[in-house]
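Undergrad: Please find one structure pasted underneath; my questions will follow.
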Amino acid sequence: AEWVIIDDDVGGYYPSVIIEYGLAPEHLGDKFRQEFRAIKEERKLHPKGTPENGALKLAGNSVFGDSNNPYSIYRDAKFMLTTTINGQMMLCMLAEKLMAIPTLSLIQANTDGLTYFVHRSMIPEVNRVRDEWQRLTRMELEQAIYSRMFIRDVNNYIAENESGKLKLKGAYWSPRDESWN
């Protein structure tokens with residue numbers, strides 16, 4: 001009861017990096033920036049879990065995913081590397097600042113977020129670090145609080161929130177799973 005597992009994730013991380021820092025494949029330029037931002041704005045109009053939101057999420061992620069595809073109009077190695085390296089460096093900065101908090105232990109880091117274990121007395125300090133990072137990077141963290149987590153690796157785990165609802169990922173997911181997306 002005195003400890004908590006916190007999962008901080010940047011929603012639509014690579015598309016957010018692209019938009020917030022004005023990145024684009026060099027050959028597509030300003031028109032790409034304008035249209036790509038419109039996808040994110042349209043997605044905000046649809047609740048999470050709806051087909052519309054899912055389709056727009058896929059559209060944003062697909063554009064970034066195709067930035068290294070030799071057959072894609074979006075291919076641009078500089079664009080792809082600028083997005084990923086800056087994204088990962090920002091997450092490393094967040095991890096470094098969080099790990100300076102007494103009692104905090106990092107559980108895992110993935111491409112768009114971190115999961116950590118911390119004493120509840122340190123939550124105000126966690127929130128201060130999170131707020132500072134969000135202000136500095138212009139990225140928006142989505143937070144989930146877990147009471148328990150059983151983790152094989154960053155892509156395969158079971159997490160239970162404080163109301164008992166399970167999040168099943170990877171090897172632990174099934175089509176009958178009604179957990180979070």
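Ordering of the structure tokens sets the chain letters (A, B, ...), residue numbers begin anew at 1 in every chain, and ligands are numbered from 1 in the order given.
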As a list in words, please: the residues near Glu35 in chain A (cut-off 12 Å, only C-alpha atoms, same-chain neighbours under 5 positions excluded).
TA: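 These residues fall inside the cut-off: Ile18, Ile19, Gly22, Ala24, Leu28, Gly29, Asp30, Lys40, Glu41, Glu42, Ala59, Gly60 and Val63 of chain A.
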Undergrad: Keeping N, CA and C atoms, export the residues of the selection given above as a PDB file, in the first residue's frame.
TA:
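And here's out06.pdb as it stands now:
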```pdb
ATOM      1  N   ILE A  18       7.527  14.695 -34.337  1.00  0.00           N
ATOM      2  CA  ILE A  18       7.516  15.244 -35.696  1.00  0.00           C
ATOM      3  C   ILE A  18       6.774  16.581 -35.727  1.00  0.00           C
ATOM      4  N   ILE A  19       5.604  16.619 -35.117  1.00  0.00           N
ATOM      5  CA  ILE A  19       4.771  17.826 -35.148  1.00  0.00           C
ATOM      6  C   ILE A  19       5.380  18.947 -34.309  1.00  0.00           C
ATOM      7  N   GLY A  22       8.561  20.343 -35.884  1.00  0.00           N
ATOM      8  CA  GLY A  22       8.486  20.777 -37.278  1.00  0.00           C
ATOM      9  C   GLY A  22       9.297  19.919 -38.229  1.00  0.00           C
ATOM     10  N   ALA A  24       9.984  16.954 -41.116  1.00  0.00           N
ATOM     11  CA  ALA A  24       9.317  16.489 -42.333  1.00  0.00           C
ATOM     12  C   ALA A  24      10.354  15.844 -43.241  1.00  0.00           C
ATOM     13  N   LEU A  28       9.208  16.688 -48.960  1.00  0.00           N
ATOM     14  CA  LEU A  28       7.778  16.991 -48.813  1.00  0.00           C
ATOM     15  C   LEU A  28       7.522  18.321 -48.119  1.00  0.00           C
ATOM     16  N   GLY A  29       8.418  18.748 -47.260  1.00  0.00           N
ATOM     17  CA  GLY A  29       8.408  20.084 -46.676  1.00  0.00           C
ATOM     18  C   GLY A  29       7.162  20.535 -45.954  1.00  0.00           C
ATOM     19  N   ASP A  30       6.818  21.807 -46.151  1.00  0.00           N
ATOM     20  CA  ASP A  30       5.777  22.470 -45.371  1.00  0.00           C
ATOM     21  C   ASP A  30       4.381  21.870 -45.563  1.00  0.00           C
ATOM     22  N   LYS A  40      -3.278  14.680 -36.368  1.00  0.00           N
ATOM     23  CA  LYS A  40      -3.285  14.680 -34.898  1.00  0.00           C
ATOM     24  C   LYS A  40      -4.476  15.464 -34.362  1.00  0.00           C
ATOM     25  N   GLU A  41      -4.766  16.614 -34.950  1.00  0.00           N
ATOM     26  CA  GLU A  41      -5.888  17.439 -34.498  1.00  0.00           C
ATOM     27  C   GLU A  41      -7.216  16.707 -34.696  1.00  0.00           C
ATOM     28  N   GLU A  42      -7.358  16.036 -35.822  1.00  0.00           N
ATOM     29  CA  GLU A  42      -8.582  15.270 -36.087  1.00  0.00           C
ATOM     30  C   GLU A  42      -8.722  14.121 -35.096  1.00  0.00           C
ATOM     31  N   ALA A  59      -2.695   6.040 -39.024  1.00  0.00           N
ATOM     32  CA  ALA A  59      -2.219   6.931 -40.094  1.00  0.00           C
ATOM     33  C   ALA A  59      -0.948   7.659 -39.653  1.00  0.00           C
ATOM     34  N   GLY A  60      -0.956   8.203 -38.453  1.00  0.00           N
ATOM     35  CA  GLY A  60       0.227   8.916 -37.956  1.00  0.00           C
ATOM     36  C   GLY A  60       1.421   8.002 -37.772  1.00  0.00           C
ATOM     37  N   VAL A  63       2.977   6.721 -41.191  1.00  0.00           N
ATOM     38  CA  VAL A  63       3.836   7.689 -41.880  1.00  0.00           C
ATOM     39  C   VAL A  63       5.244   7.612 -41.302  1.00  0.00           C
TER      40      VAL A  63
END
```
Undergrad: With a distance cut-off of 12 Å and only C-alpha atoms, select the neighbouring residues of Pro15 in chain A, excluding the residue or stretch itself and same-chain residues fewer than 5 positions from it, and output the selection as an MDAnalysis selection string.
TA: chainID A and resid 10 20:24 33 36:41 43 56:65 67 79:80 83:84 87 112 139:140
Undergrad: DSSP on the backbone, helix (DSSP H, G or I) only: what residues of range 23-97 of chain A does that give? Format it as number ranges by chain.
TA: A: 29-44, 51-68, 77-97
Undergrad: Give me the residues within 12 Å of Gln134 in chain A as an mmCIF file with N, CA, C and O atoms, in the first residue's frame, counting only C-alpha atoms and dropping any in the same chain fewer than 2 places off.
TA:
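Result went into selection_9.cif, see below:
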```
data_model
loop_
_atom_site.group_PDB
_atom_site.id
_atom_site.type_symbol
_atom_site.label_atom_id
_atom_site.label_comp_id
_atom_site.auth_asym_id
_atom_site.auth_seq_id
_atom_site.Cartn_x
_atom_site.Cartn_y
_atom_site.Cartn_z
ATOM 1 N N ASP A 8 4.506 5.860 -17.366
ATOM 2 C CA ASP A 8 4.400 7.128 -18.095
ATOM 3 C C ASP A 8 4.695 6.857 -19.562
ATOM 4 O O ASP A 8 5.750 6.317 -19.896
ATOM 5 N N ASP A 9 3.770 7.240 -20.400
ATOM 6 C CA ASP A 9 3.853 6.957 -21.823
ATOM 7 C C ASP A 9 3.497 8.226 -22.582
ATOM 8 O O ASP A 9 2.559 8.918 -22.204
ATOM 9 N N VAL A 10 4.234 8.529 -23.628
ATOM 10 C CA VAL A 10 3.893 9.677 -24.474
ATOM 11 C C VAL A 10 2.937 9.172 -25.551
ATOM 12 O O VAL A 10 3.283 8.299 -26.339
ATOM 13 N N GLU A 20 5.727 18.641 -33.072
ATOM 14 C CA GLU A 20 6.218 19.683 -32.158
ATOM 15 C C GLU A 20 7.533 20.303 -32.603
ATOM 16 O O GLU A 20 7.796 21.462 -32.316
ATOM 17 N N MET A 90 15.172 12.361 -25.346
ATOM 18 C CA MET A 90 14.240 13.004 -24.410
ATOM 19 C C MET A 90 13.786 12.021 -23.341
ATOM 20 O O MET A 90 13.690 12.372 -22.159
ATOM 21 N N LEU A 91 13.515 10.764 -23.740
ATOM 22 C CA LEU A 91 13.123 9.756 -22.743
ATOM 23 C C LEU A 91 14.268 9.437 -21.793
ATOM 24 O O LEU A 91 14.048 9.224 -20.595
ATOM 25 N N MET A 93 16.490 11.535 -20.823
ATOM 26 C CA MET A 93 16.529 12.676 -19.911
ATOM 27 C C MET A 93 15.476 12.501 -18.811
ATOM 28 O O MET A 93 15.762 12.716 -17.625
ATOM 29 N N LEU A 94 14.271 12.068 -19.185
ATOM 30 C CA LEU A 94 13.223 11.835 -18.192
ATOM 31 C C LEU A 94 13.650 10.736 -17.221
ATOM 32 O O LEU A 94 13.515 10.895 -16.003
ATOM 33 N N ASN A 127 5.806 14.061 -9.770
ATOM 34 C CA ASN A 127 4.965 14.979 -10.545
ATOM 35 C C ASN A 127 5.721 16.246 -10.938
ATOM 36 O O ASN A 127 5.536 16.770 -12.036
ATOM 37 N N ARG A 128 6.584 16.744 -10.055
ATOM 38 C CA ARG A 128 7.394 17.921 -10.384
ATOM 39 C C ARG A 128 8.313 17.629 -11.565
ATOM 40 O O ARG A 128 8.402 18.410 -12.512
ATOM 41 N N VAL A 129 8.977 16.454 -11.542
ATOM 42 C CA VAL A 129 9.880 16.060 -12.633
ATOM 43 C C VAL A 129 9.096 15.878 -13.928
ATOM 44 O O VAL A 129 9.514 16.353 -14.990
ATOM 45 N N ARG A 130 7.968 15.200 -13.853
ATOM 46 C CA ARG A 130 7.131 14.976 -15.044
ATOM 47 C C ARG A 130 6.695 16.309 -15.658
ATOM 48 O O ARG A 130 6.774 16.501 -16.865
ATOM 49 N N ASP A 131 6.203 17.221 -14.805
ATOM 50 C CA ASP A 131 5.733 18.527 -15.298
ATOM 51 C C ASP A 131 6.863 19.316 -15.953
ATOM 52 O O ASP A 131 6.672 19.922 -17.012
ATOM 53 N N GLU A 132 8.026 19.312 -15.317
ATOM 54 C CA GLU A 132 9.188 20.022 -15.869
ATOM 55 C C GLU A 132 9.572 19.443 -17.233
ATOM 56 O O GLU A 132 9.839 20.174 -18.189
ATOM 57 N N LEU A 136 9.445 21.339 -20.855
ATOM 58 C CA LEU A 136 10.683 21.472 -21.619
ATOM 59 C C LEU A 136 10.588 20.847 -23.010
ATOM 60 O O LEU A 136 11.023 21.428 -23.998
ATOM 61 N N THR A 137 10.020 19.648 -23.101
ATOM 62 C CA THR A 137 10.002 18.898 -24.364
ATOM 63 C C THR A 137 8.763 19.162 -25.221
ATOM 64 O O THR A 137 8.747 18.826 -26.399
ATOM 65 N N ARG A 138 7.709 19.699 -24.615
ATOM 66 C CA ARG A 138 6.410 19.893 -25.275
ATOM 67 C C ARG A 138 5.742 18.567 -25.607
ATOM 68 O O ARG A 138 4.858 18.508 -26.462
ATOM 69 N N MET A 139 6.137 17.500 -24.929
ATOM 70 C CA MET A 139 5.498 16.193 -25.068
ATOM 71 C C MET A 139 4.503 16.026 -23.927
ATOM 72 O O MET A 139 4.681 16.590 -22.856
ATOM 73 N N GLU A 140 3.460 15.225 -24.159
ATOM 74 C CA GLU A 140 2.422 15.030 -23.153
ATOM 75 C C GLU A 140 2.441 13.584 -22.659
ATOM 76 O O GLU A 140 2.230 12.651 -23.442
ATOM 77 N N LEU A 141 2.694 13.422 -21.366
ATOM 78 C CA LEU A 141 2.729 12.091 -20.763
ATOM 79 C C LEU A 141 1.325 11.634 -20.383
ATOM 80 O O LEU A 141 0.538 12.408 -19.839
ATOM 81 N N GLU A 142 1.048 10.367 -20.674
ATOM 82 C CA GLU A 142 -0.171 9.718 -20.207
ATOM 83 C C GLU A 142 0.269 8.775 -19.099
ATOM 84 O O GLU A 142 1.206 8.003 -19.272
#
```
Undergrad: In Å, how far is it from CA of Leu106 in chain A to CA of Ile145 in chain A?
TA: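 We find that CA of Leu106 in chain A and CA of Ile145 in chain A lie 14.2 Å from each other.
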Undergrad: For Asn110 in chain A, which of A:Ser147, A:Asn156, A:Thr50, A:Gln34 is the closest residue, counting only C-alpha atoms?
TA: A:Asn156
Undergrad: Report, in Å with one decimal, the straight-line distance from CA of Ser72 in chain A to CA of Gly54 in chain A.
TA: 21.6 Å
Undergrad: Would you pick out the contacts of Met122 in chain A at 9 Å or less, using only C-alpha atoms, so that residues sharing its chain but fewer than 4 positions from it are not included, and give the list as a ChimeraX atom specification?
TA: /A:101-104,118,126-127
Undergrad: Going by DSSP on the backbone, which residues of range 71-157 of chain A come out as strand (DSSP E)? List them as number ranges by chain.
TA: A: 105-109, 113-119, 141-153, 156-157
Undergrad: Determine, counting only C-alpha atoms, which protein, DNA and RNA residues have an atom within 8 Å of an atom of Ser105 in chain A; residues of the same chain fewer than 5 positions away are not included. Present the result as number ranges by chain.
TA: A: 99, 116-118
